[in-house]
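Presented below is the structure to which this report refers.
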Amino acid sequence: MKPATMTRRSALFAAAALPLAPALMPRAAFAAAEMQGSSTPVFNRFKLGGFEVTTLLAGTRPVEKPNEIFGLNATPEEFNAAADAAFIPTDVAQFFFTPTLVNTGTELVLFDTGLSAAGTGVALSAAGISPDQVDVVVLTHMHGDHIGGMMTEGGTPTFANARYVTGAVEHNHWSAAGNEGFDKSVKPVNDKLTFLDDGGSVASGITAKMAAGHTPGHMIYMLESDGKMLAITADTANHYVWSLAYPEWEVRFDMDKAAAAASRKSVFGMLAADRVPFIGYHMPFPGMGFVEARDSGFRYVPASYQMMLNG
């Protein structure tokens, strides 16, 4: 019998196959990597002209039966159709709680304080900031998820060196409301509070604008630096579909539902017309995007790399 020979071509094929050989071995020969669990970043930072803006994920949680919160004046069919068109479930929504930190170059300004000092503290720490570095705390309104981080569990102010700014109308309402959250979190710092009206200034380049309805004195804030603009819209819209696409849909948490709808249409109409980005407290983290007018509402366009180009 003639001895077997290997041609140059067959040798090349054999060599090319060698790296694939381990794939033929039994899977048990390899150690499986452990599951790491889901992960979500807790801060996002970008430049806005001469400002540095950081959104902080102070908490997030799923909430069941969103149809009992959003679209109270919509039919179940309308609600379900809106969710289906947006590829989101109808039986649960993910809530986000996103304070915003603005470094103006001279002051650190924090907009809202989250659900608790602990949750906000974790996000601040991840962003390289300690609570005692915050110079100004701005309260857009005084619902518990915005003022809950003002005091530590021990009852001392979380932001020991800060002054506080809020709307006069908002403060007057909650002062007379006998509200436990207000009494616990805001009253202790009353002597450090400065009150604004519509058009008031927090600092150079940061201007208050009334957007009432969610609460009686709910405010948004316009940032402007070196020709760049951004709106902090707080709770003007609480969901990127069920509030923005349908601004007239009633929201359970809006105290004056008609006024809240009017504010949504006015604020986001302005932002759409001027193509100004915004940060929404309850938008999917990192909480920032744009809107375009569509039908009788707005289409939410999450920010991608636009702000990275400012740096």
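Labels used: A, B, ... for chains in the order of the structure tokens, numbers from 1 for residues in each chain, and numbers from 1 for ligands as shown.
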
Exercise for the section: Could you give me, as number ranges by chain, each residue of range 48-296 of chain A that DSSP assigns to strand (DSSP E or B) when run on this structure's backbone? Expected result: A: 48, 51-56, 59-64, 70, 92-97, 100-103, 108-111, 136-139, 151, 157, 163-167, 193-196, 201-203, 206-210, 219-225, 228-234, 251, 278-280, 288-294

Problem - Contacts of range 87-97 of chain A within 8 Å, only C-alpha atoms, excl. fewer than 3 positions in-chain, as a VMD selection string - result: chain A and resid 57 to 67 79 to 80 83 to 84 114 to 115 145 281 to 285

Would you write out, as a Markdown table, a table of all residues in range 51-122 of chain A that have an atom no more than 12 Å from an atom of range 299-310 of chain A, listing for each the closest atom pair and the distance in Å to one decimal, considering only C-alpha atoms and ordering rows by chain and rising residue number?
| residue | atom | partner | partner_atom | distance |
| --- | --- | --- | --- | --- |
| A:Phe51 | CA | A:Asn310 | CA | 10.4 |
| A:Glu52 | CA | A:Asn310 | CA | 10.2 |
| A:Val53 | CA | A:Met307 | CA | 10.0 |
| A:Thr54 | CA | A:Met307 | CA | 11.5 |
| A:Ala86 | CA | A:Arg299 | CA | 10.6 |

Problem - For Ser296 in chain A: contacts at 8 Å, only C-alpha atoms, fewer than 2 positions along chain excluded, given as a ChimeraX atom specification - result: /A:245-247,293-294,298
